[in-house]
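Q: Before I ask anything, let me first share the structure, which is written out below as structure tokens.
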Amino acid sequence: MTWLVVKGRVGGRTGTLLGTVGVPGDKSISHRALMLGALAEGTGRVEGFLPSGDCLATLECLRQLGIEIEHAGAGAATTLIVRGRGMRGLRPPKGPLDCRRSGTTMRLLAGLLAGQPFDTVLAGAPQLLRRPMRRITDPLRRMGARIRDTDGHGPLYIDGTERLGGGEHNLEVASAQVKSALLLAGLYAEEPVIVRLPGPARDHTERMLAAQIEPRPGATSSLTFDATSARLDPTSIGRLRAIDRTVPGDISSAAFPLVAALLLPDSEVTLTGIGVNSTRTGLLDVLSAMGAEISVDQVRDQGGEPVADLTVRYSVLSGTQVAGEVVVRMIDEFPILAVLATQARGTTVVRDAEELRVKETDRILNVVTELRKLGAIIEPRPDGFIVQGPTQLQGAEVDSQGDHRLAMALGIAGLLAEGRTTVLGAECIPDSYPGFVETMRVLGAGMSHGI
Ligand code: S3P
């Protein structure tokens, strides 16, 4: 067990954050870069890979499936060489694949493996085995996959088949993981697969496939997609080409220093090379509505994804309403939004976010429980929470509950609290943001590890 020790307000003064930093590579894109690299014909380089617990789970599973993945150069954990074996080149693994705590690994691999000619078992840590999997197994079965869940959860048992159908799938939840699983299975289907979502969800899989699909001679547009739907026609795919890519900085990690700089007086922080795909920038829209001063500069294209430098200054914020389509565009940012709302004037209401109940933990329950220990005025709702602000938080001992984003959000809350805060269970932080504490310290935050 490790913990975070956070120095908050002393003698009426908080710290100030100043400086320019990057953040580690995007988690969603890192997973997908490995999977699509594995199915490509030839060798591709991934720069800016996120060497987090979750993405390393995907890396190890792919190695078990016969894919060679090497680090380019000694110690360069963020630059990988992936030796793709083509769409039909995966090999049967020797045992169950361990997805650790990573929902993206289990759900996307379930799709990818549904149409392979061999059997696989997808296993994982107890925390992952509590998460819902029927949202994947039901539509995959409708495509003809022979996949069994365990009472709606993992482990998942996949019996190989080379006869997948396609079909139309109207999802009840705007989940990028489900959409991606169906598209990956769709690569092996005998007919087009169409996925429709009730709102926009991240479209990294589609963008990456679009860059890698080589149509059969004479065929066109194997893949079409927009904000809420995607259609893949496998019959017109020739092969996936290997490409080199640079992974943008993860906006879901950038959210932590960004919010901290907004809340700590006199702060000014620039975060460089951050992915600003509009399916991911809901937090920026909400922060602007609350009065945040954030500039988005040097917008550029990086391998089919928009990337920018974000500069954020201390701002006086007002409460707001968060509901509807923006929720999915910031689905991982609610723990840190809750912290921010404790410092905004007035009431912040979050609705339509029942998905938070089935993330790494029940994020509504745990955010409310832990922030209350610091003195926050926060009420749970079945589909969100209500926060009154501003509140002077008080340092206390809090618990991450094994949830990386909650651990970091509580660390930022500790910077605003009077006195010292200890965040127990900080060992999960590298699931998404290795180097979080070090980056916060570079910016001037009083944070350190305890072991
Ligand atoms: C992800 C999609 C989201 C997100 C998760 C990563 C992805 O999950 O919360 O951290 O990489 O596709 P859902 O698809 O379940 O909303």
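Labels for the structure tokens follow display order: chains A, B, ..., residues from 1 in each chain, ligands from 1.
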So which bits of stretch 207-441 of chain A end up alpha helix (DSSP H) when you DSSP the backbone, as an NGL selection string?
A: :A and (207-212 or 251-263 or 282-289 or 334-341 or 363-373 or 404-416 or 436-441)
Q: Using the chain letters and numbers from this document, which residues of stretch 126-374 of chain A does DSSP assign to strand (DSSP E), as a PyMOL selection string?
A: chain A and resi 146-150+153-159+167-170+193-196+213-215+223-226+229-232+237-240+245-246+268-275+293-302+305-313+321-322+346-350
Q: Set out as a tab-separated table a contact list for chain A and ligand 1 with a cut-off of 10 Å, giving each residue of chain A that qualifies its closest atom pair and distance in Å to one decimal, counting only C-alpha atoms and all ligand atoms, ordered by chain and rising residue number.
A:
residue	atom	partner	partner_atom_place_in_ligand_line	distance
A:Asp26	CA	ligand 1	11 (O)	9.1
A:Lys27	CA	ligand 1	11 (O)	6.8
A:Ser28	CA	ligand 1	11 (O)	3.7
A:Ile29	CA	ligand 1	11 (O)	7.1
A:Ser30	CA	ligand 1	11 (O)	8.9
A:His31	CA	ligand 1	11 (O)	7.4
A:Arg32	CA	ligand 1	11 (O)	8.0
A:Asp54	CA	ligand 1	10 (O)	10.0
A:Ser102	CA	ligand 1	10 (O)	8.8
A:Gly103	CA	ligand 1	5 (C)	7.4
A:Thr104	CA	ligand 1	11 (O)	5.5
A:Thr105	CA	ligand 1	11 (O)	8.6
A:Arg107	CA	ligand 1	12 (O)	8.8
A:Leu108	CA	ligand 1	12 (O)	8.1
A:Arg131	CA	ligand 1	15 (O)	9.8
A:Pro132	CA	ligand 1	15 (O)	9.3
A:Met133	CA	ligand 1	15 (O)	9.9
A:Arg135	CA	ligand 1	15 (O)	9.4
A:Val173	CA	ligand 1	16 (O)	7.8
A:Ala174	CA	ligand 1	16 (O)	6.6
A:Ser175	CA	ligand 1	14 (O)	3.5
A:Ala176	CA	ligand 1	14 (O)	3.8
A:Gln177	CA	ligand 1	14 (O)	3.8
A:Val178	CA	ligand 1	14 (O)	6.0
A:Lys179	CA	ligand 1	14 (O)	7.7
A:Ser180	CA	ligand 1	12 (O)	6.9
A:Ala181	CA	ligand 1	12 (O)	9.0
A:Ala201	CA	ligand 1	14 (O)	7.4
A:Arg202	CA	ligand 1	12 (O)	6.6
A:Asp203	CA	ligand 1	12 (O)	8.3
A:His204	CA	ligand 1	12 (O)	8.0
A:Thr205	CA	ligand 1	12 (O)	8.2
A:Ser252	CA	ligand 1	10 (O)	8.7
A:Arg280	CA	ligand 1	4 (C)	9.8
A:Val327	CA	ligand 1	16 (O)	9.9
A:Val328	CA	ligand 1	16 (O)	6.8
A:Arg329	CA	ligand 1	16 (O)	9.1
A:Met330	CA	ligand 1	9 (O)	8.5
A:Ile331	CA	ligand 1	9 (O)	5.6
A:Asp332	CA	ligand 1	9 (O)	5.2
A:Glu333	CA	ligand 1	9 (O)	9.0
A:Glu355	CA	ligand 1	16 (O)	7.3
A:Leu356	CA	ligand 1	9 (O)	8.5
A:Val358	CA	ligand 1	15 (O)	8.3
A:Lys359	CA	ligand 1	9 (O)	6.8
A:Glu360	CA	ligand 1	10 (O)	8.6
A:Arg405	CA	ligand 1	10 (O)	9.9
A:Ser432	CA	ligand 1	10 (O)	9.1
Q: What is the atom CA of A:Leu284 to atom CA of A:Ala77 distance in Å?
A: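 So the answer is 29.6 Å.
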Q: So the first atom is atom CA of A:Asp233 and the second is atom CA of A:Asn277; what is the distance between them in Å, to one decimal place?
A: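 Atom CA of A:Asn277 lies at a distance of 24.6 Å from atom CA of A:Asp233.
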Q: Taking into account only C-alpha atoms, which residue in the set A:Asp250, A:Glu162, A:Glu370, A:Asp301 is nearest to A:Gly144?
A: A:Glu162
Q: Considering only C-alpha atoms, return as a list in words whatever protein or nucleic-acid residues lie within 6 Å of A:Leu393, sequence-local ones (same chain, fewer than 5 positions apart) excluded.
A: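 Listed by chain and then number, they are Leu374, Gly375 and Ala417 of chain A.
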Q: Put those residues in a file: N, CA and C atoms, as a short mmCIF file (atom, residue, chain, number, x, y, z; two decimals), in the first residue's frame.
A:
data_model
loop_
_atom_site.label_atom_id
_atom_site.label_comp_id
_atom_site.auth_asym_id
_atom_site.auth_seq_id
_atom_site.Cartn_x
_atom_site.Cartn_y
_atom_site.Cartn_z
N LEU A 374 -13.45 15.57 3.53
CA LEU A 374 -12.68 16.83 3.48
C LEU A 374 -13.59 18.03 3.73
N GLY A 375 -14.86 17.79 4.00
CA GLY A 375 -15.78 18.89 4.32
C GLY A 375 -16.60 19.40 3.15
N ALA A 417 -7.08 22.13 0.56
CA ALA A 417 -7.59 21.94 1.93
C ALA A 417 -6.66 22.60 2.94
#
Q: Residues within 8 Å of A:Asp149, please, as a list in words. Count only C-alpha atoms; anything in the same chain fewer than 6 positions from it doesn't count.
A: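 Counting only C-alpha atoms, the residues come to Met133, Arg134, Thr137, Pro155, Leu156 and Tyr157 of chain A.
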Q: Write the residues you've just listed into a file as an mmCIF file, in the first residue's frame, and include all heavy atoms for each of them.
A:
data_model
loop_
_atom_site.group_PDB
_atom_site.id
_atom_site.type_symbol
_atom_site.label_atom_id
_atom_site.label_comp_id
_atom_site.auth_asym_id
_atom_site.auth_seq_id
_atom_site.Cartn_x
_atom_site.Cartn_y
_atom_site.Cartn_z
ATOM 1 N N MET A 133 -20.320 -6.795 -18.380
ATOM 2 C CA MET A 133 -19.785 -7.254 -19.667
ATOM 3 C C MET A 133 -20.890 -7.660 -20.642
ATOM 4 O O MET A 133 -20.610 -7.913 -21.803
ATOM 5 C CB MET A 133 -18.831 -8.443 -19.446
ATOM 6 C CG MET A 133 -17.534 -8.037 -18.788
ATOM 7 S SD MET A 133 -16.561 -6.907 -19.826
ATOM 8 C CE MET A 133 -15.706 -5.950 -18.573
ATOM 9 N N ARG A 134 -22.143 -7.717 -20.165
ATOM 10 C CA ARG A 134 -23.203 -8.156 -21.078
ATOM 11 C C ARG A 134 -23.378 -7.161 -22.222
ATOM 12 O O ARG A 134 -23.786 -7.527 -23.324
ATOM 13 C CB ARG A 134 -24.507 -8.317 -20.301
ATOM 14 C CG ARG A 134 -25.346 -9.413 -20.844
ATOM 15 C CD ARG A 134 -26.305 -9.986 -19.825
ATOM 16 N NE ARG A 134 -25.815 -11.185 -19.189
ATOM 17 C CZ ARG A 134 -26.233 -11.649 -18.023
ATOM 18 N NH1 ARG A 134 -27.146 -10.994 -17.335
ATOM 19 N NH2 ARG A 134 -25.744 -12.767 -17.541
ATOM 20 N N THR A 137 -21.084 -8.866 -24.590
ATOM 21 C CA THR A 137 -21.350 -10.244 -24.997
ATOM 22 C C THR A 137 -22.683 -10.364 -25.738
ATOM 23 O O THR A 137 -22.785 -11.143 -26.690
ATOM 24 C CB THR A 137 -21.309 -11.207 -23.784
ATOM 25 O OG1 THR A 137 -22.192 -10.717 -22.775
ATOM 26 C CG2 THR A 137 -19.914 -11.312 -23.222
ATOM 27 N N PRO A 155 -14.821 -13.668 -15.813
ATOM 28 C CA PRO A 155 -14.099 -13.971 -17.045
ATOM 29 C C PRO A 155 -15.042 -14.222 -18.232
ATOM 30 O O PRO A 155 -16.176 -14.642 -18.051
ATOM 31 C CB PRO A 155 -13.340 -15.254 -16.694
ATOM 32 C CG PRO A 155 -13.347 -15.353 -15.206
ATOM 33 C CD PRO A 155 -14.551 -14.629 -14.745
ATOM 34 N N LEU A 156 -14.499 -13.949 -19.419
ATOM 35 C CA LEU A 156 -15.228 -14.206 -20.659
ATOM 36 C C LEU A 156 -14.586 -15.413 -21.348
ATOM 37 O O LEU A 156 -13.356 -15.519 -21.397
ATOM 38 C CB LEU A 156 -15.153 -12.992 -21.586
ATOM 39 C CG LEU A 156 -15.649 -11.654 -21.020
ATOM 40 C CD1 LEU A 156 -15.506 -10.549 -22.066
ATOM 41 C CD2 LEU A 156 -17.091 -11.754 -20.547
ATOM 42 N N TYR A 157 -15.430 -16.300 -21.860
ATOM 43 C CA TYR A 157 -14.952 -17.515 -22.530
ATOM 44 C C TYR A 157 -15.352 -17.419 -23.998
ATOM 45 O O TYR A 157 -16.547 -17.349 -24.311
ATOM 46 C CB TYR A 157 -15.575 -18.750 -21.887
ATOM 47 C CG TYR A 157 -15.223 -18.857 -20.422
ATOM 48 C CD1 TYR A 157 -16.011 -18.221 -19.460
ATOM 49 C CD2 TYR A 157 -14.081 -19.542 -20.009
ATOM 50 C CE1 TYR A 157 -15.672 -18.279 -18.112
ATOM 51 C CE2 TYR A 157 -13.737 -19.602 -18.670
ATOM 52 C CZ TYR A 157 -14.534 -18.972 -17.723
ATOM 53 O OH TYR A 157 -14.187 -19.020 -16.401
#
Q: Compile the contact shell of stretch 61-74 of chain A as number ranges by chain: residues with an atom at most 10 Å away, counting only C-alpha atoms, same-chain residues fewer than 5 positions apart removed.
A: A: 34-35, 37-39, 43-47, 55-56, 79-85, 89-99, 105-106, 109, 113, 120, 122
Q: From the options A:Val247, A:Ala123, A:Met143, A:Val193, which residue's atoms come nearest to A:Thr78, counting only C-alpha atoms?
A: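 Selected residue with least distance to A:Thr78: A:Val247.
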Q: For A:Leu128, which residue among A:Thr361, A:Thr235, A:Gln394, A:Thr439 is the nearest when counting only C-alpha atoms?
A: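 Ranking A:Thr361, A:Thr235, A:Gln394, A:Thr439 by distance to A:Leu128, first place goes to A:Thr361.
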Q: Counting only C-alpha atoms, which residues of stretch 306-343 of chain A sit at most 10 Å from some atom of stretch 293-300 of chain A, and what is each one's closest atom pair with its distance in Å to one decimal, listed by chain and rising residue number, as a tab-separated table?
A:
residue	atom	partner	partner_atom	distance
A:Pro306	CA	A:Arg300	CA	5.6
A:Val307	CA	A:Arg300	CA	5.3
A:Ala308	CA	A:Val299	CA	4.3
A:Asp309	CA	A:Asp297	CA	5.2
A:Leu310	CA	A:Val296	CA	4.8
A:Thr311	CA	A:Ser295	CA	5.2
A:Val312	CA	A:Ile294	CA	4.5
A:Arg313	CA	A:Glu293	CA	5.7
A:Tyr314	CA	A:Glu293	CA	7.3
A:Ser315	CA	A:Glu293	CA	6.1
A:Val316	CA	A:Glu293	CA	9.0
A:Leu317	CA	A:Glu293	CA	9.5
Q: Take the residues just selected and output them with C-alpha atoms as an mmCIF file, in the first residue's frame.
A:
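The resulting file, result.cif, is shown below:
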data_model
loop_
_atom_site.group_PDB
_atom_site.id
_atom_site.type_symbol
_atom_site.label_atom_id
_atom_site.label_comp_id
_atom_site.auth_asym_id
_atom_site.auth_seq_id
_atom_site.Cartn_x
_atom_site.Cartn_y
_atom_site.Cartn_z
ATOM 1 C CA PRO A 306 -6.152 17.097 -33.250
ATOM 2 C CA VAL A 307 -3.579 18.141 -30.645
ATOM 3 C CA ALA A 308 -3.092 21.525 -28.928
ATOM 4 C CA ASP A 309 -1.305 23.355 -26.116
ATOM 5 C CA LEU A 310 -3.640 24.375 -23.294
ATOM 6 C CA THR A 311 -2.834 27.375 -21.094
ATOM 7 C CA VAL A 312 -4.863 27.778 -17.965
ATOM 8 C CA ARG A 313 -4.902 30.590 -15.395
ATOM 9 C CA TYR A 314 -6.400 30.868 -11.942
ATOM 10 C CA SER A 315 -10.065 31.831 -12.425
ATOM 11 C CA VAL A 316 -13.092 32.627 -10.301
ATOM 12 C CA LEU A 317 -15.710 30.007 -11.185
#
Q: As an exercise, work out the distance from atom CA of A:Val286 to atom CA of A:Leu337 in Å and give it to one decimal place.
A: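 Here the two named atoms are 9.2 Å from each other.
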Q: Check the smallest atom-to-atom distance from each of A:Ala125, A:Pro24, A:Ala344, A:Asp399 to A:Ala376 using only C-alpha atoms, then report the winner.
A: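 Closest to A:Ala376 of all the choices is A:Ala344.
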Q: Would you mind telling me which residue in A:Ser253, A:Ser400, A:Gln116, A:Ser267 lies nearest to A:Phe436 when using only C-alpha atoms?
A: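 Ranked by minimum distance to A:Phe436, first place goes to A:Ser253.
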Q: Rank A:Pro126, A:Pro234, A:Gly53, A:Gly8 by their smallest atom-to-atom distance to A:Leu264, using only C-alpha atoms, and report the top residue only.
A: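 Residue with the minimum atom-to-atom distance to A:Leu264: A:Gly8.
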Q: Counting only C-alpha atoms, what is within 9 Å of A:Thr161, bar same-chain residues fewer than 4 positions away, as a list in words?
A: Ala114, Gly115, Gln116, Pro117, Phe118, Asp119, Gly144, Ala145 and Arg146 of chain A
Q: As an MDAnalysis selection string, please: the residues near stretch 19-22 of chain A (cut-off 10 Å, only C-alpha atoms, same-chain neighbours under 2 positions excluded).
A: chainID A and resid 17 24:25 248:250 254 257 267:274 309:311 439:440 442:444
Q: Distance table requested - stretch 5-87 of chain A against stretch 418-423 of chain A, cut-off 8 Å, only C-alpha atoms: one row per qualifying residue with the closest atom pair and its distance in Å to one decimal, ordered by chain and rising residue number, as a tab-separated table.
A:
residue	atom	partner	partner_atom	distance
A:Val5	CA	A:Thr422	CA	4.7
A:Val6	CA	A:Thr421	CA	5.1
A:Lys7	CA	A:Arg420	CA	5.0
A:Gly8	CA	A:Gly419	CA	5.0
A:Arg9	CA	A:Glu418	CA	4.5
A:Val10	CA	A:Gly419	CA	5.9
A:Gly12	CA	A:Glu418	CA	7.9
